[in-house]
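Text of the file target16.txt, holding compact mmCIF, C-alpha atoms and all ligand atoms:
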```txt
# COMPACT_ATOMS: atom_id res chain seq x y z
CA MET O 1 -14.37 -1.13 54.66
CA ARG O 2 -11.68 -3.73 54.34
CA ILE O 3 -11.57 -6.58 56.80
CA TRP O 4 -8.45 -8.60 57.48
CA SER O 5 -8.26 -11.47 59.91
CA ILE O 6 -4.96 -12.19 61.65
CA SER O 7 -5.19 -15.83 62.61
CA ASN O 8 -3.29 -18.96 63.46
CA GLN O 9 -4.51 -21.90 65.50
CA LYS O 10 -1.14 -21.92 67.21
CA GLY O 11 -0.60 -19.62 70.18
CA GLY O 12 2.12 -17.06 70.73
CA VAL O 13 3.05 -16.55 67.09
CA GLY O 14 2.54 -12.78 67.01
CA LYS O 15 -1.13 -12.39 66.06
CA THR O 16 -1.92 -9.65 68.54
CA THR O 17 1.38 -7.90 67.83
CA THR O 18 0.59 -7.97 64.12
CA VAL O 19 -2.91 -6.54 64.66
CA VAL O 20 -1.58 -3.70 66.78
CA SER O 21 1.40 -2.94 64.53
CA LEU O 22 -0.60 -2.91 61.30
CA GLY O 23 -3.49 -1.04 62.91
CA GLY O 24 -1.17 1.67 64.18
CA LEU O 25 0.48 2.11 60.81
CA LEU O 26 -2.85 2.31 59.02
CA ALA O 27 -3.99 4.96 61.48
CA ASP O 28 -0.73 6.81 60.97
CA SER O 29 -1.58 7.11 57.29
CA GLY O 30 -4.91 8.69 58.20
CA LYS O 31 -7.19 5.67 57.97
CA ARG O 32 -10.08 5.04 60.34
CA VAL O 33 -9.34 1.72 61.95
CA LEU O 34 -11.29 -0.73 64.07
CA LEU O 35 -9.50 -3.51 65.95
CA VAL O 36 -11.61 -6.46 67.09
CA ASP O 37 -10.56 -8.70 69.97
CA LEU O 38 -12.03 -12.17 69.47
CA ASP O 39 -9.75 -13.82 72.01
CA PRO O 40 -11.32 -14.68 75.41
CA HIS O 41 -7.91 -13.96 76.95
CA GLY O 42 -8.40 -10.39 75.86
CA SER O 43 -4.73 -9.63 75.15
CA LEU O 44 -5.65 -6.85 72.74
CA THR O 45 -8.24 -5.49 75.18
CA SER O 46 -5.65 -5.42 77.98
CA TYR O 47 -3.06 -3.92 75.64
CA PHE O 48 -5.08 -0.71 75.59
CA GLY O 49 -5.74 -0.67 79.30
CA GLN O 50 -9.18 -2.28 79.42
CA ASP O 51 -9.98 -5.13 81.77
CA PRO O 52 -11.51 -8.19 80.04
CA ASP O 53 -12.88 -9.30 83.41
CA GLY O 54 -14.47 -5.99 84.23
CA LEU O 55 -16.13 -4.68 81.06
CA ASP O 56 -19.90 -4.93 80.92
CA ARG O 57 -20.10 -4.97 77.14
CA SER O 58 -18.00 -6.77 74.56
CA LEU O 59 -18.20 -8.73 71.38
CA TYR O 60 -19.77 -11.47 73.51
CA HIS O 61 -22.93 -9.48 74.06
CA LEU O 62 -23.55 -9.04 70.34
CA PHE O 63 -24.27 -12.75 70.04
CA PHE O 64 -27.38 -12.57 72.18
CA GLU O 65 -30.81 -11.04 71.72
CA GLN O 66 -29.83 -10.11 68.17
CA ARG O 67 -27.87 -7.11 69.45
CA TRP O 68 -25.74 -7.24 66.33
CA ARG O 69 -28.71 -5.65 64.57
CA ASP O 70 -28.44 -2.58 66.77
CA VAL O 71 -25.78 -0.23 65.45
CA ASP O 72 -26.05 2.09 68.48
CA TYR O 73 -25.38 -0.82 70.79
CA ILE O 74 -22.33 -1.79 68.76
CA ARG O 75 -21.01 1.76 68.77
CA ALA O 76 -21.48 2.04 72.51
CA THR O 77 -19.48 -1.16 72.98
CA LEU O 78 -16.36 0.24 71.29
CA LYS O 79 -13.42 1.45 73.38
CA PRO O 80 -10.69 3.96 72.57
CA THR O 81 -7.01 3.16 72.03
CA SER O 82 -3.92 5.33 72.21
CA LEU O 83 -4.81 6.95 68.87
CA PRO O 84 -7.98 8.92 68.15
CA ASN O 85 -8.72 7.26 64.82
CA VAL O 86 -8.43 3.71 66.14
CA MET O 87 -11.26 2.13 68.08
CA MET O 88 -11.47 -1.33 69.54
CA LEU O 89 -14.29 -3.81 69.95
CA PRO O 90 -13.13 -5.42 73.19
CA ALA O 91 -13.28 -8.99 74.47
CA THR O 92 -14.46 -10.17 77.84
CA THR O 93 -13.54 -13.46 79.46
CA SER O 94 -17.16 -14.57 79.00
CA LEU O 95 -16.25 -15.18 75.34
CA ALA O 96 -14.75 -18.46 76.53
CA THR O 97 -18.27 -19.77 77.18
CA LEU O 98 -19.62 -18.73 73.79
CA GLU O 99 -19.09 -22.10 72.16
CA ARG O 100 -21.33 -23.72 74.71
CA GLN O 101 -23.95 -20.98 74.76
CA VAL O 102 -24.55 -20.91 71.04
CA SER O 103 -24.15 -24.61 70.36
CA GLY O 104 -26.89 -26.01 68.18
CA GLN O 105 -27.95 -22.59 66.88
CA ASP O 106 -27.42 -22.13 63.17
CA GLY O 107 -25.84 -19.02 61.79
CA MET O 108 -23.74 -18.09 64.80
CA GLY O 109 -20.68 -17.89 62.59
CA LEU O 110 -22.05 -14.79 60.88
CA VAL O 111 -22.61 -12.50 63.86
CA LEU O 112 -19.36 -10.59 63.45
CA ALA O 113 -19.84 -10.16 59.70
CA ARG O 114 -23.28 -8.73 60.33
CA SER O 115 -22.10 -6.44 63.08
CA LEU O 116 -19.33 -5.07 60.88
CA ALA O 117 -21.76 -4.55 58.02
CA GLN O 118 -23.57 -2.08 60.28
CA LEU O 119 -20.37 -0.03 60.66
CA TRP O 120 -19.50 -0.19 57.00
CA ASP O 121 -19.12 3.50 56.32
CA GLU O 122 -17.49 4.34 59.63
CA TYR O 123 -14.15 2.55 59.24
CA ASP O 124 -11.69 2.08 56.43
CA TYR O 125 -10.00 -0.99 57.89
CA VAL O 126 -10.96 -3.64 60.40
CA LEU O 127 -8.34 -5.99 61.82
CA LEU O 128 -9.48 -9.11 63.64
CA ASP O 129 -7.36 -10.60 66.43
CA THR O 130 -8.39 -14.22 66.83
CA PRO O 131 -7.86 -16.86 69.53
CA PRO O 132 -5.44 -19.72 68.86
CA ILE O 133 -8.19 -22.34 68.77
CA LEU O 134 -10.68 -23.53 66.22
CA GLY O 135 -14.17 -22.61 67.35
CA VAL O 136 -17.09 -20.30 66.80
CA LEU O 137 -14.93 -17.17 67.24
CA LEU O 138 -12.35 -18.14 64.65
CA VAL O 139 -15.14 -19.13 62.24
CA ASN O 140 -16.72 -15.70 62.75
CA ALA O 141 -13.45 -14.06 61.81
CA LEU O 142 -12.92 -16.21 58.73
CA ALA O 143 -16.49 -15.63 57.59
CA ALA O 144 -16.22 -11.86 57.97
CA CYS O 145 -12.80 -11.17 56.49
CA GLN O 146 -11.76 -10.49 52.92
CA GLN O 147 -8.16 -11.43 53.43
CA LEU O 148 -6.42 -13.67 55.93
CA VAL O 149 -2.99 -13.08 57.39
CA ILE O 150 -1.37 -16.08 59.10
CA PRO O 151 1.55 -15.07 61.32
CA THR O 152 3.79 -18.09 61.68
CA GLN O 153 6.70 -18.31 64.05
CA THR O 154 9.86 -19.42 62.31
CA GLU O 155 10.39 -22.63 64.28
CA HIS O 156 9.56 -26.25 63.58
CA LEU O 157 6.57 -26.75 65.84
CA ALA O 158 4.85 -23.80 64.23
CA LEU O 159 4.73 -25.49 60.85
CA LYS O 160 2.17 -28.01 62.08
CA GLY O 161 -0.04 -25.18 63.32
CA LEU O 162 0.25 -23.50 59.95
CA GLU O 163 -0.81 -26.67 58.18
CA ARG O 164 -3.84 -26.94 60.43
CA MET O 165 -4.79 -23.30 59.86
CA VAL O 166 -4.63 -23.65 56.09
CA HIS O 167 -6.75 -26.81 56.30
CA THR O 168 -9.38 -25.01 58.39
CA LEU O 169 -9.39 -22.13 55.95
CA LYS O 170 -9.98 -24.46 53.02
CA MET O 171 -12.95 -26.05 54.73
CA VAL O 172 -14.50 -22.71 55.65
CA MET O 173 -14.08 -21.59 52.04
CA LYS O 174 -15.82 -24.76 50.92
CA SER O 175 -18.67 -24.19 53.34
CA GLN O 176 -19.03 -20.53 52.33
CA LYS O 177 -18.47 -21.30 48.66
CA ARG O 178 -15.97 -18.52 48.23
CA GLN O 179 -12.28 -17.96 47.78
CA LEU O 180 -10.40 -16.18 50.50
CA PRO O 181 -6.88 -14.94 49.75
CA TYR O 182 -4.34 -15.64 52.47
CA TRP O 183 -0.79 -14.67 53.32
CA ILE O 184 1.67 -16.48 55.51
CA VAL O 185 3.85 -14.06 57.44
CA PRO O 186 7.00 -15.43 59.09
CA THR O 187 7.36 -13.88 62.55
CA LEU O 188 9.85 -13.81 65.41
CA PHE O 189 12.55 -14.37 62.87
CA ASP O 190 16.11 -14.52 64.13
CA ARG O 191 18.66 -14.98 61.37
CA ARG O 192 21.28 -16.15 63.85
CA THR O 193 19.39 -19.33 64.70
CA THR O 194 19.30 -22.36 62.45
CA ALA O 195 15.71 -23.10 63.55
CA SER O 196 14.58 -19.80 62.04
CA LEU O 197 16.47 -20.36 58.82
CA THR O 198 15.50 -23.97 58.24
CA SER O 199 11.84 -23.49 59.10
CA LEU O 200 11.66 -20.54 56.74
CA LYS O 201 13.12 -22.69 54.02
CA GLU O 202 10.57 -25.39 54.77
CA MET O 203 7.70 -22.87 54.61
CA ARG O 204 8.97 -21.60 51.31
CA ARG O 205 9.03 -25.12 49.89
CA THR O 206 5.46 -25.91 50.96
CA TYR O 207 3.65 -22.62 50.47
CA GLN O 208 5.50 -20.79 47.71
CA GLU O 209 2.86 -18.41 46.52
CA ALA O 210 1.15 -17.64 49.79
CA LEU O 211 4.36 -16.90 51.65
CA TRP O 212 5.39 -13.28 52.13
CA ASP O 213 8.97 -13.03 50.96
CA GLU O 214 10.16 -11.05 53.96
CA ALA O 215 9.87 -11.75 57.69
CA ILE O 216 9.09 -9.92 60.92
CA PRO O 217 12.29 -10.00 62.98
CA VAL O 218 12.55 -10.44 66.73
CA ASP O 219 12.43 -6.92 68.10
CA THR O 220 12.13 -6.19 71.80
CA ARG O 221 10.73 -2.72 71.03
CA LEU O 222 7.49 -4.43 70.00
CA ARG O 223 7.28 -5.95 73.47
CA ASP O 224 8.13 -2.60 75.05
CA ALA O 225 5.25 -0.97 73.19
CA SER O 226 2.81 -3.50 74.62
CA HIS O 227 4.02 -2.69 78.13
CA GLU O 228 3.46 0.99 77.48
CA GLY O 229 0.05 0.39 75.91
CA VAL O 230 0.92 2.33 72.76
CA PHE O 231 1.21 1.38 69.12
CA PRO O 232 4.79 0.30 68.29
CA HIS O 233 5.32 3.13 65.81
CA GLN O 234 4.38 5.64 68.51
CA LEU O 235 7.22 4.35 70.63
CA ASP O 236 9.77 4.12 67.85
CA PRO O 237 8.80 4.63 64.20
CA ASP O 238 12.12 3.33 62.93
CA THR O 239 12.72 0.19 64.88
CA ARG O 240 13.31 -2.98 62.82
CA GLY O 241 9.97 -4.51 63.74
CA VAL O 242 7.98 -1.44 62.74
CA ARG O 243 9.88 -1.18 59.48
CA ALA O 244 9.10 -4.81 58.67
CA TYR O 245 5.41 -4.28 59.46
CA ARG O 246 5.43 -1.25 57.18
CA HIS O 247 6.63 -3.47 54.33
CA LEU O 248 4.01 -6.06 55.17
CA LEU O 249 1.27 -3.44 55.13
CA ALA O 250 2.36 -2.18 51.72
CA MET O 251 2.17 -5.72 50.34
CA LEU O 252 -1.22 -6.51 51.90
CA ASP O 253 -2.71 -3.26 50.79
CA LYS O 254 -1.61 -3.84 47.23
CA GLN O 255 -2.91 -7.41 47.19
CA GLY O 256 -6.22 -6.50 48.77
CA LYS O 257 -7.09 -4.01 46.03
CA MET P 1 -12.33 -37.04 52.90
CA THR P 2 -11.57 -38.31 56.39
CA GLY P 3 -14.25 -38.66 59.08
CA ASN P 4 -12.59 -35.83 60.91
CA SER P 5 -13.08 -33.48 57.97
CA ASP P 6 -16.74 -34.50 57.70
CA ILE P 7 -17.33 -33.54 61.29
CA LEU P 8 -15.61 -30.20 60.83
CA LEU P 9 -17.45 -29.44 57.62
CA GLY P 10 -20.79 -30.12 59.31
CA TYR P 11 -19.76 -27.75 62.08
CA PHE P 12 -18.85 -24.99 59.62
CA ASP P 13 -22.02 -25.49 57.61
CA SER P 14 -24.14 -25.09 60.70
CA LEU P 15 -22.29 -22.00 61.93
CA LEU P 16 -22.45 -20.40 58.53
CA ALA P 17 -26.09 -21.18 57.79
CA PRO P 18 -28.51 -18.26 57.69
CA CYS P 19 -29.98 -17.41 61.11
CA PRO P 20 -33.43 -18.81 61.90
CA ALA P 21 -34.60 -15.22 62.45
CA ASP P 22 -33.94 -14.52 58.79
CA GLU P 23 -36.10 -17.40 57.69
CA SER P 24 -39.02 -16.46 59.90
CA GLY P 25 -39.90 -13.60 57.54
CA GLU P 26 -39.13 -11.09 60.24
CA HIS P 27 -36.86 -9.29 57.79
CA PRO P 28 -38.29 -9.94 54.32
CA LEU P 29 -35.62 -7.78 52.71
CA ASP P 30 -32.98 -10.25 53.78
CA SER P 31 -34.45 -12.84 51.48
CA LEU P 32 -34.83 -10.28 48.72
CA LEU P 33 -31.19 -9.46 49.11
CA LEU P 34 -30.29 -13.12 49.01
CA ASP P 35 -32.30 -13.61 45.81
CA ALA P 36 -30.74 -10.54 44.28
CA THR P 37 -27.21 -11.70 44.97
CA ALA P 38 -27.77 -15.35 44.09
CA PRO P 39 -26.88 -14.94 40.39
CA PHE P 40 -23.45 -13.67 41.43
CA ALA P 41 -22.74 -16.28 44.01
CA GLY P 42 -19.95 -17.75 41.97
CA GLU P 43 -18.01 -14.63 41.21
CA ALA P 44 -18.69 -12.22 44.03
CA ASP P 45 -19.46 -12.83 47.63
CA THR P 46 -21.81 -11.82 50.36
CA VAL P 47 -21.00 -11.02 53.89
CA ALA P 48 -23.65 -11.97 56.38
CA SER P 49 -25.85 -13.53 53.73
CA GLY P 50 -26.19 -10.31 51.88
CA TYR P 51 -26.32 -7.48 54.33
CA ARG P 52 -23.52 -6.15 52.22
CA LEU P 53 -22.06 -7.55 49.14
CA ILE P 54 -18.34 -7.38 49.03
CA ALA P 55 -16.79 -7.78 45.66
CA LEU P 56 -14.11 -10.15 46.88
CA MET P 57 -12.76 -11.44 43.64
CA LEU P 58 -14.14 -10.45 40.34
CA PRO P 59 -11.49 -11.70 37.96
CA GLY P 60 -11.88 -10.16 34.55
CA THR P 61 -14.98 -8.19 35.49
CA PRO P 62 -15.02 -4.52 34.60
CA LEU P 63 -15.02 -2.36 37.70
CA GLY P 64 -18.24 -0.67 36.64
CA ARG P 65 -20.22 -3.78 37.18
CA ALA P 66 -18.83 -4.48 40.61
CA ALA P 67 -19.42 -0.88 41.59
CA ALA P 68 -23.01 -0.97 40.34
CA LEU P 69 -23.60 -4.12 42.30
CA THR P 70 -22.18 -2.64 45.45
CA LEU P 71 -24.24 0.51 45.04
CA ASN P 72 -27.43 -1.45 44.63
CA LEU P 73 -26.73 -3.50 47.67
CA GLU P 74 -26.04 -0.33 49.57
CA LEU P 75 -29.50 0.85 48.50
CA LEU P 76 -31.07 -2.37 49.63
CA CYS P 77 -29.34 -2.01 52.93
CA ARG P 78 -30.72 1.50 53.44
CA LEU P 79 -34.11 0.28 52.35
CA ARG P 80 -34.34 -1.97 55.38
CA LYS P 81 -34.59 1.08 57.57
CA LEU P 82 -37.42 2.79 55.67
CA GLU P 83 -41.07 2.57 56.53
CA PRO P 84 -43.24 1.08 53.77
CA GLY P 85 -44.43 3.86 51.48
CA ARG P 86 -43.81 5.48 48.11
CA LEU P 87 -40.12 6.09 48.63
CA HIS P 88 -39.72 2.52 49.78
CA SER P 89 -41.44 1.04 46.76
CA SER P 90 -39.63 3.19 44.23
CA MET P 91 -36.28 2.38 45.79
CA LEU P 92 -37.20 -1.26 45.76
CA ALA P 93 -38.12 -1.04 42.10
CA ALA P 94 -34.79 0.61 41.33
CA CYS P 95 -33.03 -2.32 42.92
CA GLU P 96 -34.56 -4.87 40.58
CA PRO P 97 -31.72 -6.69 38.86
CA GLU P 98 -32.72 -5.47 35.36
CA HIS P 99 -31.92 -1.90 36.42
CA TRP P 100 -28.54 -2.80 37.76
CA TYR P 101 -26.30 -2.01 34.89
CA GLY P 102 -28.10 1.01 33.52
N1 LIG O 301 8.58 -9.67 66.42
C1 LIG O 301 8.60 -9.81 67.75
N2 LIG O 301 9.73 -9.57 68.44
C2 LIG O 301 9.76 -9.71 69.78
N3 LIG O 301 8.72 -10.08 70.52
C3 LIG O 301 7.57 -10.35 69.88
C4 LIG O 301 7.43 -10.22 68.47
N4 LIG O 301 6.18 -10.56 68.12
C5 LIG O 301 5.56 -10.88 69.25
N5 LIG O 301 6.38 -10.76 70.31
C6 LIG O 301 6.08 -11.07 71.72
O1 LIG O 301 5.77 -12.46 71.79
C7 LIG O 301 4.67 -12.68 72.67
C8 LIG O 301 3.52 -13.33 71.88
O2 LIG O 301 3.09 -12.44 70.88
P1 LIG O 301 1.55 -12.17 70.60
O3 LIG O 301 0.83 -11.95 71.87
O4 LIG O 301 1.48 -11.13 69.57
O5 LIG O 301 1.17 -13.58 70.00
P2 LIG O 301 -0.29 -14.19 69.77
O6 LIG O 301 -0.18 -15.07 68.59
O7 LIG O 301 -1.28 -13.12 69.74
O8 LIG O 301 -0.48 -15.07 71.08
P3 LIG O 301 -1.85 -15.77 71.59
O9 LIG O 301 -2.00 -16.96 70.71
O10 LIG O 301 -1.56 -16.11 72.98
O11 LIG O 301 -2.94 -14.78 71.41
C9 LIG O 301 4.31 -11.33 73.23
O12 LIG O 301 4.97 -11.17 74.46
C10 LIG O 301 4.85 -10.33 72.22
O13 LIG O 301 5.21 -9.09 72.82
MG MG O 302 -3.07 -12.87 70.87
```
What would the structure in this file look like if it were written as structure tokens?
Ligand SMILES: Nc1ncnc2c1ncn2[C@@H]1O[C@H](COP(=O)(O)OP(=O)(O)OP(=O)(O)O)[C@@H](O)[C@H]1O
Ligand SMILES: [Mg+2]
Amino acid sequence: MRIWSISNQKGGVGKTTTVVSLGGLLADSGKRVLLVDLDPHGSLTSYFGQDPDGLDRSLYHLFFEQRWRDVDYIRATLKPTSLPNVMMLPATTSLATLERQVSGQDGMGLVLARSLAQLWDEYDYVLLDTPPILGVLLVNALAACQQLVIPTQTEHLALKGLERMVHTLKMVMKSQKRQLPYWIVPTLFDRRTTASLTSLKEMRRTYQEALWDEAIPVDTRLRDASHEGVFPHQLDPDTRGVRAYRHLLAMLDKQGK
Amino acid sequence: MTGNSDILLGYFDSLLAPCPADESGEHPLDSLLLDATAPFAGEADTVASGYRLIALMLPGTPLGRAAALTLNLELLCRLRKLEPGRLHSSMLAACEPEHWYG
């Protein structure tokens, strides 16, 4: 099992889109994939037609009564997607209260890692879709993953968010006493705008090694796929966005080995 | 370090500390697993305090060693589900670190 977290403390940078695009492409190459929705907004959950307000089981419930020890409970919590070899661990809106509910209890950052350990032989890849805030859910994702992907919108405000994310990552690594490789992935790139070009240049200057040397372009087909509730490559395997995600996957896969 | 970083680091340390349930002796194999992985803390890493050991980065280590380590941790993981008995104790013995590299 390989676990990748797709995270940025800034909102709207393409985290969920990246999870779905990469997950779909992995499944297309025959891998067994699990997508995990750690965002109380439940964008990923809604993407595949589930209602984050209506589900009676989600990631939230694994945090209580040590349910993460119960592999049957975890399996029964999973929901299908538009592909048979991709399952999803959904979010419910109750996740928003998690911070408060678990406050003061040690070890609550390891619940996801422990849950995934129970499914170790059942999936080849796990992709974690995280909320754009620092809190117990993001810490769970960082503690569980083996590689971090930071989608970063190519615009000036996004650079601050990137800086914050890298800082958080460094502190979690210090606390866990381990090294976690990370990749910065420029998203929503539009070569016609100066904001895209100058912010990309700025990223390159600050984060040479960790920056992917391509970018995910603006592509409305990605948005169309989310309306249809299907993986982008199912809608159009050759659209620019899907092609860029295919390149990204090849790079991540190589690095993760 | 700024005060802000101190606060955040305390927060991470608490979230990433082993669960109280693990310390209560309810799952003695957890602590065995922790002990077994401790010598490798610097070069490999544990997920969930040792439920599984993931060889995250083993620079310059031959693959055989990482694989042996993973296999043994797999065994330890299975062991948690076995009732105490002969199979349990022989598996446990096989997981002793001195048997790890054959
Ligand atoms: N490359 C792209 N081209 C066009 N639209 C995109 C692209 N990537 C993402 N989008 C759209 O931008 C919006 C935000 O993307 P997404 O939901 O993936 O971001 P996010 O980082 O997960 O947001 P949040 O922080 O709210 O969870 C969505 O409407 C999505 O369809
Ligand atoms: Mg999202």
Report, in Å with one decimal, the straight-line distance from CA of Thr45 (chain O) to CA of Lys79 (chain O).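 Computed distance, CA of Thr45 (chain O) to CA of Lys79 (chain O), equals 8.8 Å.
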Ligand LIG 301 (chain O): which residues are within 6 Å, counting all atoms listed in the file? Reply as a PyMOL selection string. chain O and resi 11-17+131-132+187-188+216-220+222-223+241
Grab me every residue within 12 Å of ligand MG 302 (chain O), counting all atoms listed in the file, and send it over as a PyMOL selection string. chain O and resi 6-20+36-47+91+128-133+151+226
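One finds CA of Leu34 (chain O) at 25.7 Å from CA of Leu79 (chain P).
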When distances are computed from all atoms listed in the file, which of O:Asn140, O:Thr92, O:Gln50, O:Asn85 shows the smallest separation from chain P?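 Using all atoms listed in the file, the shortest distance to chain P belongs to O:Asn140.
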Is it possible to get the residues within 8 Å of (-19.5, -0.3, 79.5) (coordinates as in the file, counting only C-alpha atoms) written as a PyMOL selection string? chain O and resi 55-57+76-77
Chain O residues within 7 Å of chain P, counting all atoms listed in the file: which ones, as a JSON list (two decimals) with C-alpha atoms, in the coordinates of the input?
```
[["chain", "number", "residue", "atom", "x", "y", "z"],
["O", 106, "ASP", "CA", -27.42, -22.13, 63.17],
["O", 107, "GLY", "CA", -25.84, -19.02, 61.79],
["O", 108, "MET", "CA", -23.74, -18.09, 64.80],
["O", 109, "GLY", "CA", -20.68, -17.89, 62.59],
["O", 110, "LEU", "CA", -22.05, -14.79, 60.88],
["O", 113, "ALA", "CA", -19.84, -10.16, 59.70],
["O", 114, "ARG", "CA", -23.28, -8.73, 60.33],
["O", 117, "ALA", "CA", -21.76, -4.55, 58.02],
["O", 144, "ALA", "CA", -16.22, -11.86, 57.97],
["O", 146, "GLN", "CA", -11.76, -10.49, 52.92],
["O", 171, "MET", "CA", -12.95, -26.05, 54.73],
["O", 172, "VAL", "CA", -14.50, -22.71, 55.65],
["O", 175, "SER", "CA", -18.67, -24.19, 53.34],
["O", 178, "ARG", "CA", -15.97, -18.52, 48.23]]
```
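Atom pair CA of Trp120 (chain O) / CA of Gly49 (chain O): separated by 26.2 Å.
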List the neighbours of Leu22 (chain O) out to 10 Å using only C-alpha atoms; skip same-chain residues closer than 5 positions along the sequence, and give me the result as a list in words. Thr16, Thr17, Ala27, Asp28, Val33, Leu127, Phe231, Pro232, His233, Val242, Tyr245, Arg246, Leu248 and Leu249 of chain O
List the neighbours of region 189-201 of chain O out to 9 Å using all atoms listed in the file; skip same-chain residues closer than 6 positions along the sequence, and give me the result as a list in words.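 With the cut-off at 9 Å, the set is Gln153, Thr154, Glu155, His156, Ala158, Leu159, Ala215, Ile216, Pro217 and Val218 of chain O.
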